[in-house]
Amino acid sequence: MSGWKSYLLMALVAVFIIWLLMKYIIWKAKQESALKKSRLIKKTADAKGLLITCPLCGSYLQKGEDLFSRVYRPMNVPHQLCTISGCPHCYPALEPGLKRECPVCHKQVPMEEGHLVARLFNYADGKKHVVVTGCTECCTFKD
């Protein structure tokens with residue numbers, strides 16, 4: 001191989017490496033931007049008191065995401081029985097890397113027929129408060 005061909009080949013390899021580095025830098029900047037945006041959303045929601053986590057898997061619920069729960073009648077009492085099946089991250093399908101754990105006994109809550117048992121308190125001023133009493137594995141007080 002002559003001298004100029006080897007220089008041309010080295011120049012092409014150098015240009016390719018520079019192109020790959022630029023692609024990596026752009027990808028990394030997009031990733032950091034998304035992370036910064038999620039941190040900002042979390043910080044503003046936390047400052048407003050709007051940050052909610054799933055009691056089963058601990059995932060942060062974004063705006064528009066709700067827990068899958070069931071509240072039982074009667075509706076005119078100060079506290080009601082409530083079951084919590086999970087959030088969109090852990091119910092009906094569990095996302096990779098998450099586990100459904102009871103906040104009371106710290107046992108794994110099964111996907112099939114597994115939920116948290118809780119009490120929903122209805123205050124006179126319209127506010128509501130939920131207290132988790134256990135899961136299907138540990139809760140003995142079921143109405």
# chains A, B, ... in the order shown; residues from 1 in each chain; ligands from 1

call {"tool": "residues_around", "arguments": {"residues": "Cys105 (chain A)", "least_positions_apart": "6", "cutoff": "10 Å", "atoms": "only C-alpha atoms", "output": "ChimeraX atom specification"}}
result
/A:133-135,137-139

call {"tool": "write_last_selection", "arguments": {"atoms": "all heavy atoms", "output": "PDB file, in the first residue's frame"}}
result
ATOM      1  N   THR A 133     -52.905  -0.951  56.436  1.00  0.00           N
ATOM      2  CA  THR A 133     -52.864  -1.822  57.610  1.00  0.00           C
ATOM      3  C   THR A 133     -52.132  -3.132  57.340  1.00  0.00           C
ATOM      4  O   THR A 133     -51.844  -3.865  58.279  1.00  0.00           O
ATOM      5  CB  THR A 133     -54.283  -2.127  58.115  1.00  0.00           C
ATOM      6  OG1 THR A 133     -55.028  -2.728  57.059  1.00  0.00           O
ATOM      7  CG2 THR A 133     -54.975  -0.868  58.590  1.00  0.00           C
ATOM      8  N   GLY A 134     -51.848  -3.435  56.099  1.00  0.00           N
ATOM      9  CA  GLY A 134     -51.126  -4.659  55.767  1.00  0.00           C
ATOM     10  C   GLY A 134     -51.424  -5.118  54.355  1.00  0.00           C
ATOM     11  O   GLY A 134     -51.973  -4.362  53.551  1.00  0.00           O
ATOM     12  N   CYS A 135     -51.057  -6.344  54.070  1.00  0.00           N
ATOM     13  CA  CYS A 135     -51.285  -6.919  52.746  1.00  0.00           C
ATOM     14  C   CYS A 135     -52.088  -8.216  52.907  1.00  0.00           C
ATOM     15  O   CYS A 135     -52.449  -8.601  54.009  1.00  0.00           O
ATOM     16  CB  CYS A 135     -49.968  -7.192  52.035  1.00  0.00           C
ATOM     17  SG  CYS A 135     -48.941  -8.432  52.833  1.00  0.00           S
ATOM     18  N   GLU A 137     -50.962 -11.008  52.724  1.00  0.00           N
ATOM     19  CA  GLU A 137     -50.114 -11.986  53.393  1.00  0.00           C
ATOM     20  C   GLU A 137     -50.095 -11.780  54.917  1.00  0.00           C
ATOM     21  O   GLU A 137     -49.937 -12.733  55.666  1.00  0.00           O
ATOM     22  CB  GLU A 137     -48.674 -11.894  52.860  1.00  0.00           C
ATOM     23  CG  GLU A 137     -48.538 -12.109  51.358  1.00  0.00           C
ATOM     24  CD  GLU A 137     -48.858 -13.525  50.954  1.00  0.00           C
ATOM     25  OE1 GLU A 137     -48.342 -14.453  51.603  1.00  0.00           O
ATOM     26  OE2 GLU A 137     -49.621 -13.715  50.009  1.00  0.00           O
ATOM     27  N   CYS A 138     -50.223 -10.529  55.377  1.00  0.00           N
ATOM     28  CA  CYS A 138     -50.027 -10.285  56.801  1.00  0.00           C
ATOM     29  C   CYS A 138     -51.234  -9.689  57.536  1.00  0.00           C
ATOM     30  O   CYS A 138     -51.295  -9.771  58.756  1.00  0.00           O
ATOM     31  CB  CYS A 138     -48.824  -9.363  57.022  1.00  0.00           C
ATOM     32  SG  CYS A 138     -49.099  -7.653  56.496  1.00  0.00           S
ATOM     33  N   CYS A 139     -52.158  -9.081  56.852  1.00  0.00           N
ATOM     34  CA  CYS A 139     -53.258  -8.384  57.512  1.00  0.00           C
ATOM     35  C   CYS A 139     -54.303  -9.383  58.017  1.00  0.00           C
ATOM     36  O   CYS A 139     -54.850 -10.154  57.249  1.00  0.00           O
ATOM     37  CB  CYS A 139     -53.905  -7.378  56.574  1.00  0.00           C
ATOM     38  SG  CYS A 139     -55.117  -6.361  57.396  1.00  0.00           S
TER      39      CYS A 139
END

call {"tool": "select_by_dssp", "arguments": {"residues": "region 4-142 of chain A", "states": "helix (DSSP H, G or I)", "output": "PyMOL selection string"}}
result
chain A and resi 4-48

call {"tool": "write_last_selection", "arguments": {"atoms": "C-alpha atoms", "output": "PDB file, in the first residue's frame"}}
result
ATOM      1  CA  TRP A   4      -1.006   8.442   0.300  1.00  0.00           C
ATOM      2  CA  LYS A   5      -3.526   5.592   0.540  1.00  0.00           C
ATOM      3  CA  SER A   6      -2.575   4.881   4.139  1.00  0.00           C
ATOM      4  CA  TYR A   7      -2.924   8.596   4.990  1.00  0.00           C
ATOM      5  CA  LEU A   8      -6.335   8.658   3.327  1.00  0.00           C
ATOM      6  CA  LEU A   9      -7.410   5.577   5.294  1.00  0.00           C
ATOM      7  CA  MET A  10      -6.205   7.118   8.586  1.00  0.00           C
ATOM      8  CA  ALA A  11      -8.070  10.361   7.771  1.00  0.00           C
ATOM      9  CA  LEU A  12     -11.290   8.435   7.099  1.00  0.00           C
ATOM     10  CA  VAL A  13     -10.911   6.513  10.371  1.00  0.00           C
ATOM     11  CA  ALA A  14     -10.303   9.795  12.233  1.00  0.00           C
ATOM     12  CA  VAL A  15     -13.423  11.371  10.672  1.00  0.00           C
ATOM     13  CA  PHE A  16     -15.467   8.278  11.605  1.00  0.00           C
ATOM     14  CA  ILE A  17     -14.218   8.407  15.208  1.00  0.00           C
ATOM     15  CA  ILE A  18     -15.044  12.122  15.436  1.00  0.00           C
ATOM     16  CA  TRP A  19     -18.543  11.405  14.035  1.00  0.00           C
ATOM     17  CA  LEU A  20     -19.074   8.661  16.633  1.00  0.00           C
ATOM     18  CA  LEU A  21     -17.939  10.987  19.441  1.00  0.00           C
ATOM     19  CA  MET A  22     -20.352  13.680  18.280  1.00  0.00           C
ATOM     20  CA  LYS A  23     -23.231  11.176  18.216  1.00  0.00           C
ATOM     21  CA  TYR A  24     -22.316  10.035  21.733  1.00  0.00           C
ATOM     22  CA  ILE A  25     -22.143  13.623  23.029  1.00  0.00           C
ATOM     23  CA  ILE A  26     -25.566  14.435  21.535  1.00  0.00           C
ATOM     24  CA  TRP A  27     -27.071  11.234  22.985  1.00  0.00           C
ATOM     25  CA  LYS A  28     -25.577  11.960  26.422  1.00  0.00           C
ATOM     26  CA  ALA A  29     -26.866  15.564  26.348  1.00  0.00           C
ATOM     27  CA  LYS A  30     -30.402  14.362  25.550  1.00  0.00           C
ATOM     28  CA  GLN A  31     -30.221  11.828  28.370  1.00  0.00           C
ATOM     29  CA  GLU A  32     -29.014  14.458  30.865  1.00  0.00           C
ATOM     30  CA  SER A  33     -31.704  16.882  29.683  1.00  0.00           C
ATOM     31  CA  ALA A  34     -34.425  14.300  30.310  1.00  0.00           C
ATOM     32  CA  LEU A  35     -32.974  13.519  33.743  1.00  0.00           C
ATOM     33  CA  LYS A  36     -32.796  17.219  34.603  1.00  0.00           C
ATOM     34  CA  LYS A  37     -36.405  17.685  33.472  1.00  0.00           C
ATOM     35  CA  SER A  38     -37.638  14.779  35.627  1.00  0.00           C
ATOM     36  CA  ARG A  39     -35.712  16.149  38.627  1.00  0.00           C
ATOM     37  CA  LEU A  40     -37.271  19.577  38.082  1.00  0.00           C
ATOM     38  CA  ILE A  41     -40.768  18.045  37.878  1.00  0.00           C
ATOM     39  CA  LYS A  42     -40.090  16.071  41.056  1.00  0.00           C
ATOM     40  CA  LYS A  43     -38.726  19.132  42.861  1.00  0.00           C
ATOM     41  CA  THR A  44     -41.657  21.385  41.934  1.00  0.00           C
ATOM     42  CA  ALA A  45     -44.213  18.679  42.736  1.00  0.00           C
ATOM     43  CA  ASP A  46     -42.482  17.989  46.052  1.00  0.00           C
ATOM     44  CA  ALA A  47     -42.503  21.697  46.918  1.00  0.00           C
ATOM     45  CA  LYS A  48     -46.239  21.840  46.239  1.00  0.00           C
TER      46      LYS A  48
END

call {"tool": "residues_around", "arguments": {"residues": "Lys107 (chain A)", "least_positions_apart": "3", "cutoff": "12 Å", "atoms": "only C-alpha atoms", "output": "number ranges by chain"}}
result
A: 56-57, 99-104, 110, 114-116, 134-139

call {"tool": "write_last_selection", "arguments": {"atoms": "all heavy atoms", "output": "CSV table (one decimal), in the first residue's frame"}}
result
chain,number,residue,atom,x,y,z
A,56,LEU,N,-46.8,0.1,47.1
A,56,LEU,CA,-46.3,-1.2,46.8
A,56,LEU,C,-44.9,-1.3,46.2
A,56,LEU,O,-44.1,-2.0,46.7
A,56,LEU,CB,-47.3,-1.9,45.8
A,56,LEU,CG,-48.5,-2.6,46.5
A,56,LEU,CD1,-49.5,-3.0,45.4
A,56,LEU,CD2,-48.1,-3.9,47.2
A,57,CYS,N,-44.7,-0.5,45.2
A,57,CYS,CA,-43.4,-0.6,44.5
A,57,CYS,C,-42.5,0.6,44.7
A,57,CYS,O,-41.3,0.6,44.4
A,57,CYS,CB,-43.6,-0.8,43.0
A,57,CYS,SG,-44.3,0.6,42.1
A,99,LYS,N,-40.2,-4.4,42.5
A,99,LYS,CA,-40.8,-5.5,43.3
A,99,LYS,C,-41.9,-5.0,44.1
A,99,LYS,O,-41.9,-3.9,44.6
A,99,LYS,CB,-39.8,-6.3,44.1
A,99,LYS,CG,-39.0,-5.5,45.1
A,99,LYS,CD,-38.0,-6.3,45.8
A,99,LYS,CE,-37.3,-5.5,46.8
A,99,LYS,NZ,-36.4,-6.3,47.6
A,100,ARG,N,-43.0,-5.7,44.2
A,100,ARG,CA,-44.2,-5.4,45.0
A,100,ARG,C,-43.9,-5.8,46.5
A,100,ARG,O,-43.9,-7.0,46.7
A,100,ARG,CB,-45.4,-6.0,44.4
A,100,ARG,CG,-45.8,-5.5,43.1
A,100,ARG,CD,-46.8,-6.3,42.4
A,100,ARG,NE,-47.9,-6.7,43.1
A,100,ARG,CZ,-49.1,-6.1,43.2
A,100,ARG,NH1,-49.3,-5.1,42.4
A,100,ARG,NH2,-50.1,-6.6,43.9
A,101,GLU,N,-43.7,-4.9,47.4
A,101,GLU,CA,-43.4,-5.2,48.8
A,101,GLU,C,-44.4,-4.5,49.7
A,101,GLU,O,-44.7,-3.3,49.5
A,101,GLU,CB,-42.0,-4.7,49.1
A,101,GLU,CG,-41.5,-5.1,50.4
A,101,GLU,CD,-40.0,-4.7,50.6
A,101,GLU,OE1,-39.1,-5.4,50.0
A,101,GLU,OE2,-39.8,-3.7,51.3
A,102,CYS,N,-44.9,-5.2,50.7
A,102,CYS,CA,-45.8,-4.7,51.7
A,102,CYS,C,-45.0,-3.7,52.6
A,102,CYS,O,-44.0,-4.0,53.1
A,102,CYS,CB,-46.4,-5.8,52.5
A,102,CYS,SG,-47.4,-5.2,53.9
A,103,PRO,N,-45.6,-2.5,52.8
A,103,PRO,CA,-44.9,-1.5,53.7
A,103,PRO,C,-44.9,-1.9,55.1
A,103,PRO,O,-44.2,-1.3,56.0
A,103,PRO,CB,-45.6,-0.2,53.4
A,103,PRO,CG,-46.9,-0.6,52.8
A,103,PRO,CD,-46.7,-1.9,52.2
A,104,VAL,N,-45.8,-2.8,55.5
A,104,VAL,CA,-46.0,-3.2,56.9
A,104,VAL,C,-45.1,-4.4,57.3
A,104,VAL,O,-44.2,-4.3,58.2
A,104,VAL,CB,-47.4,-3.6,57.2
A,104,VAL,CG1,-47.6,-4.0,58.7
A,104,VAL,CG2,-48.3,-2.4,57.0
A,110,PRO,N,-48.0,-11.0,46.2
A,110,PRO,CA,-48.2,-11.7,44.9
A,110,PRO,C,-49.0,-10.9,43.9
A,110,PRO,O,-49.9,-10.1,44.3
A,110,PRO,CB,-48.9,-13.0,45.3
A,110,PRO,CG,-49.5,-12.7,46.6
A,110,PRO,CD,-48.7,-11.6,47.3
A,114,GLY,N,-53.2,-10.5,45.1
A,114,GLY,CA,-52.4,-9.8,46.1
A,114,GLY,C,-52.7,-8.3,46.1
A,114,GLY,O,-52.7,-7.7,45.0
A,115,HIS,N,-52.9,-7.7,47.2
A,115,HIS,CA,-53.2,-6.3,47.3
A,115,HIS,C,-52.9,-5.8,48.7
A,115,HIS,O,-52.7,-6.6,49.6
A,115,HIS,CB,-54.6,-5.9,46.9
A,115,HIS,CG,-55.7,-6.6,47.7
A,115,HIS,ND1,-56.2,-7.8,47.3
A,115,HIS,CD2,-56.2,-6.4,48.9
A,115,HIS,CE1,-57.1,-8.2,48.2
A,115,HIS,NE2,-57.1,-7.4,49.2
A,116,LEU,N,-52.9,-4.5,48.9
A,116,LEU,CA,-52.8,-3.9,50.3
A,116,LEU,C,-54.2,-3.7,50.8
A,116,LEU,O,-55.1,-3.3,50.1
A,116,LEU,CB,-52.0,-2.6,50.2
A,116,LEU,CG,-50.6,-2.7,49.8
A,116,LEU,CD1,-50.0,-1.3,49.8
A,116,LEU,CD2,-49.8,-3.6,50.7
A,134,GLY,N,-51.8,-3.4,56.1
A,134,GLY,CA,-51.1,-4.7,55.8
A,134,GLY,C,-51.4,-5.1,54.4
A,134,GLY,O,-52.0,-4.4,53.6
A,135,CYS,N,-51.1,-6.3,54.1
A,135,CYS,CA,-51.3,-6.9,52.7
A,135,CYS,C,-52.1,-8.2,52.9
A,135,CYS,O,-52.4,-8.6,54.0
A,135,CYS,CB,-50.0,-7.2,52.0
A,135,CYS,SG,-48.9,-8.4,52.8
A,136,THR,N,-52.3,-8.9,51.8
A,136,THR,CA,-53.1,-10.1,51.9
A,136,THR,C,-52.3,-11.2,52.6
A,136,THR,O,-52.8,-12.2,53.0
A,136,THR,CB,-53.4,-10.6,50.4
A,136,THR,OG1,-52.3,-10.6,49.6
A,136,THR,CG2,-54.5,-9.7,49.8
A,137,GLU,N,-51.0,-11.0,52.7
A,137,GLU,CA,-50.1,-12.0,53.4
A,137,GLU,C,-50.1,-11.8,54.9
A,137,GLU,O,-49.9,-12.7,55.7
A,137,GLU,CB,-48.7,-11.9,52.9
A,137,GLU,CG,-48.5,-12.1,51.4
A,137,GLU,CD,-48.9,-13.5,51.0
A,137,GLU,OE1,-48.3,-14.5,51.6
A,137,GLU,OE2,-49.6,-13.7,50.0
A,138,CYS,N,-50.2,-10.5,55.4
A,138,CYS,CA,-50.0,-10.3,56.8
A,138,CYS,C,-51.2,-9.7,57.5
A,138,CYS,O,-51.3,-9.8,58.8
A,138,CYS,CB,-48.8,-9.4,57.0
A,138,CYS,SG,-49.1,-7.7,56.5
A,139,CYS,N,-52.2,-9.1,56.9
A,139,CYS,CA,-53.3,-8.4,57.5
A,139,CYS,C,-54.3,-9.4,58.0
A,139,CYS,O,-54.9,-10.2,57.2
A,139,CYS,CB,-53.9,-7.4,56.6
A,139,CYS,SG,-55.1,-6.4,57.4

call {"tool": "select_by_dssp", "arguments": {"residues": "region 73-143 of chain A", "states": "strand (DSSP E or B)", "output": "PyMOL selection string"}}
result
chain A and resi 79-86+101+108+116-122+128-135

call {"tool": "write_last_selection", "arguments": {"atoms": "N, CA and C atoms", "output": "mmCIF file, in the first residue's frame"}}
result
data_model
loop_
_atom_site.group_PDB
_atom_site.id
_atom_site.type_symbol
_atom_site.label_atom_id
_atom_site.label_comp_id
_atom_site.auth_asym_id
_atom_site.auth_seq_id
_atom_site.Cartn_x
_atom_site.Cartn_y
_atom_site.Cartn_z
ATOM 1 N N HIS A 79 -64.674 6.355 58.260
ATOM 2 C CA HIS A 79 -63.584 5.572 57.662
ATOM 3 C C HIS A 79 -64.155 4.364 56.938
ATOM 4 N N GLN A 80 -63.477 3.974 55.849
ATOM 5 C CA GLN A 80 -63.952 2.890 55.003
ATOM 6 C C GLN A 80 -62.820 1.911 54.734
ATOM 7 N N LEU A 81 -63.191 0.685 54.427
ATOM 8 C CA LEU A 81 -62.215 -0.309 54.001
ATOM 9 C C LEU A 81 -61.817 -0.011 52.557
ATOM 10 N N CYS A 82 -60.549 -0.182 52.261
ATOM 11 C CA CYS A 82 -60.022 0.136 50.938
ATOM 12 C C CYS A 82 -58.952 -0.895 50.587
ATOM 13 N N THR A 83 -58.899 -1.325 49.336
ATOM 14 C CA THR A 83 -57.816 -2.204 48.878
ATOM 15 C C THR A 83 -57.062 -1.488 47.770
ATOM 16 N N ILE A 84 -55.738 -1.629 47.780
ATOM 17 C CA ILE A 84 -54.877 -0.997 46.789
ATOM 18 C C ILE A 84 -54.162 -2.096 46.027
ATOM 19 N N SER A 85 -54.407 -2.161 44.718
ATOM 20 C CA SER A 85 -53.789 -3.197 43.887
ATOM 21 C C SER A 85 -52.421 -2.779 43.361
ATOM 22 N N GLY A 86 -52.182 -1.505 43.181
ATOM 23 C CA GLY A 86 -50.887 -1.030 42.700
ATOM 24 C C GLY A 86 -51.033 0.188 41.812
ATOM 25 N N GLU A 101 -43.734 -4.886 47.378
ATOM 26 C CA GLU A 101 -43.401 -5.204 48.763
ATOM 27 C C GLU A 101 -44.380 -4.511 49.697
ATOM 28 N N GLN A 108 -43.083 -10.045 49.952
ATOM 29 C CA GLN A 108 -43.484 -9.856 48.564
ATOM 30 C C GLN A 108 -44.998 -10.033 48.451
ATOM 31 N N LEU A 116 -52.933 -4.496 48.928
ATOM 32 C CA LEU A 116 -52.793 -3.920 50.260
ATOM 33 C C LEU A 116 -54.187 -3.666 50.829
ATOM 34 N N VAL A 117 -54.328 -3.873 52.117
ATOM 35 C CA VAL A 117 -55.569 -3.569 52.819
ATOM 36 C C VAL A 117 -55.334 -2.258 53.564
ATOM 37 N N ALA A 118 -56.263 -1.311 53.404
ATOM 38 C CA ALA A 118 -56.065 0.009 53.984
ATOM 39 C C ALA A 118 -57.380 0.551 54.522
ATOM 40 N N ARG A 119 -57.277 1.631 55.267
ATOM 41 C CA ARG A 119 -58.427 2.376 55.767
ATOM 42 C C ARG A 119 -58.394 3.759 55.138
ATOM 43 N N LEU A 120 -59.513 4.173 54.582
ATOM 44 C CA LEU A 120 -59.661 5.505 54.003
ATOM 45 C C LEU A 120 -60.466 6.352 54.980
ATOM 46 N N PHE A 121 -59.857 7.410 55.475
ATOM 47 C CA PHE A 121 -60.520 8.304 56.424
ATOM 48 C C PHE A 121 -61.048 9.520 55.677
ATOM 49 N N ASN A 122 -62.342 9.785 55.824
ATOM 50 C CA ASN A 122 -62.999 10.939 55.197
ATOM 51 C C ASN A 122 -63.206 12.000 56.265
ATOM 52 N N LYS A 128 -59.052 13.602 52.513
ATOM 53 C CA LYS A 128 -59.026 12.159 52.711
ATOM 54 C C LYS A 128 -57.626 11.744 53.131
ATOM 55 N N HIS A 129 -57.564 10.655 53.895
ATOM 56 C CA HIS A 129 -56.285 10.138 54.373
ATOM 57 C C HIS A 129 -56.339 8.613 54.346
ATOM 58 N N VAL A 130 -55.266 7.983 53.867
ATOM 59 C CA VAL A 130 -55.233 6.528 53.755
ATOM 60 C C VAL A 130 -54.147 5.984 54.684
ATOM 61 N N VAL A 131 -54.495 4.948 55.451
ATOM 62 C CA VAL A 131 -53.539 4.259 56.317
ATOM 63 C C VAL A 131 -53.513 2.792 55.883
ATOM 64 N N VAL A 132 -52.340 2.321 55.478
ATOM 65 C CA VAL A 132 -52.189 0.926 55.064
ATOM 66 C C VAL A 132 -52.053 0.070 56.318
ATOM 67 N N THR A 133 -52.905 -0.951 56.436
ATOM 68 C CA THR A 133 -52.864 -1.822 57.610
ATOM 69 C C THR A 133 -52.132 -3.132 57.340
ATOM 70 N N GLY A 134 -51.848 -3.435 56.099
ATOM 71 C CA GLY A 134 -51.126 -4.659 55.767
ATOM 72 C C GLY A 134 -51.424 -5.118 54.355
ATOM 73 N N CYS A 135 -51.057 -6.344 54.070
ATOM 74 C CA CYS A 135 -51.285 -6.919 52.746
ATOM 75 C C CYS A 135 -52.088 -8.216 52.907
#

call {"tool": "atom_distance", "arguments": {"atom1": "CA of Asn76 (chain A)", "atom2": "CA of Ile52 (chain A)"}}
result
26.0 Å

call {"tool": "atom_distance", "arguments": {"atom1": "CA of Met75 (chain A)", "atom2": "CA of Ala124 (chain A)"}}
result
13.0 Å

call {"tool": "closest_residue", "arguments": {"among": "A:Arg70, A:Met111, A:Pro55, A:Glu65", "to": "Ala93 (chain A)", "atoms": "only C-alpha atoms"}}
result
A:Met111
